[in-house]
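Notes follow the structure.
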Amino acid sequence: MELDISGARIFLETPIELPVLGKLVISETMIVSWLVLLIITGLCIWLTHDLKEENISKKQAVAELIVETANKFVIGNMGEKFRYMIPFVAALFATSAVSNLIGLVGLRSPTADLSTEAAWAVLVFILITAQKIRTSGFGGYLKGFTTPIPVMTPFNILSELATPVSMACRHFGNILSGIVINALVYGALAVASSALLGLLPGIVGDVLSKIPVLDVGIPAILSVYFDWFSGLMQAFIFCMLTTLYIANAAES
């Protein structure tokens, strides 16, 4: 269900009755997230279809460039021994980037829902913890909370838990703030357009004041930053932090 309050769209989660599972809440975030996964899957299938060793197509050249960029990014930040992380980091970046950019077609970005970033951050946190245990052993991992002195244990635990929280909130806050600012700009320009055109005399002013003329063009310029630049940058930062945290865990 959808409500419209002061020009802002608010989507309410609707429970769906299933015979076995009972009530399952299907939210807009879930639906758009599935759509994002379908887009990425379809794009991967299209780019990797009909690969050749010679006389490659432009499509294959783009696919090879993406793979090469992912290889350089992960190996450059984590080292050769973390080559197995390339598919995960690439998938994380693609999911984040497409989720951020899907707002350009009028859909609500899944990353504007904190639960999305929280799920990603928890997964990254599990990988970080697993790497620390692999490096130092379970006993060494627990002992690390007592350094440099045992009295620091509560603070070290809080510091450990702060990692996924900060990663999730940073990404979520930047994406949501862009959506809110765009909505405020649209609303302000609509009010300004109505006020300015309403100054025209007679029926002309009455008709034109109802048309948000200023909403054309100006929001598109802001979209270049908030949707394109900021969206891709947040995906890059999230993946960068992921690689650095995991690589640092291997050195602990």
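Chains: A, B, ... in order of the structure tokens. Residues: from 1 per chain. Ligands: from 1, in order shown.
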Taking the chain letters and numbering used in this document, name the residues of region 31-234 of chain A that DSSP puts in alpha helix (DSSP H), as JSON, numbers by chain. {"A": [31, 32, 33, 34, 35, 36, 37, 38, 39, 40, 41, 42, 43, 44, 45, 46, 47, 58, 59, 60, 61, 62, 63, 64, 65, 66, 67, 68, 69, 70, 71, 72, 73, 74, 75, 76, 77, 78, 86, 87, 88, 89, 90, 91, 92, 93, 94, 95, 96, 97, 98, 99, 100, 101, 114, 115, 116, 117, 118, 119, 120, 121, 122, 123, 124, 125, 126, 127, 128, 129, 130, 131, 132, 133, 134, 135, 136, 137, 138, 139, 140, 141, 142, 143, 153, 154, 155, 156, 157, 158, 159, 160, 161, 162, 163, 164, 165, 166, 167, 168, 169, 170, 171, 172, 173, 174, 175, 176, 177, 178, 179, 180, 181, 182, 183, 184, 185, 186, 187, 188, 189, 190, 191, 192, 193, 194, 195, 196, 197, 202, 203, 204, 205, 206, 207, 208, 218, 219, 220, 221, 222, 223, 230, 231, 232, 233, 234]}
12 Å contact set for Leu35 (chain A), only C-alpha atoms, chain neighbours under 3 positions out, as a PyMOL selection string: chain A and resi 28-32+38-42+95+98-99+102+107-110
Atom-to-atom span, CA of Phe138 (chain A) and CA of Met152 (chain A), Å: 19.0 Å
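Each of A:Ser177, A:Ser57, A:Ser166, A:Ser230 was checked against Ala121 (chain A) using only C-alpha atoms; the smallest atom-to-atom distance is that of A:Ser166.
One finds CA of Pro154 (chain A) at 27.6 Å from CA of Met240 (chain A).
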Which residue out of A:Val36, A:Ile157, A:Ala94, A:Ala162 has the minimum interatomic distance to Phe125 (chain A) when only C-alpha atoms are used? A:Ala162
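Taking only C-alpha atoms, the non-local environment of Met233 (chain A) within 12 Å (same-chain residues fewer than 4 positions away omitted) comprises Phe93, Ser96, Ala97, Asn100, Leu101, Arg170, His171, Asn174, Ile175, Tyr225, Phe226, Asp227, Trp228, Phe229, Ile237, Phe238, Cys239 and Met240 of chain A.
Across the structure, CA of Arg83 (chain A) and CA of Lys132 (chain A) are spaced 17.5 Å apart.
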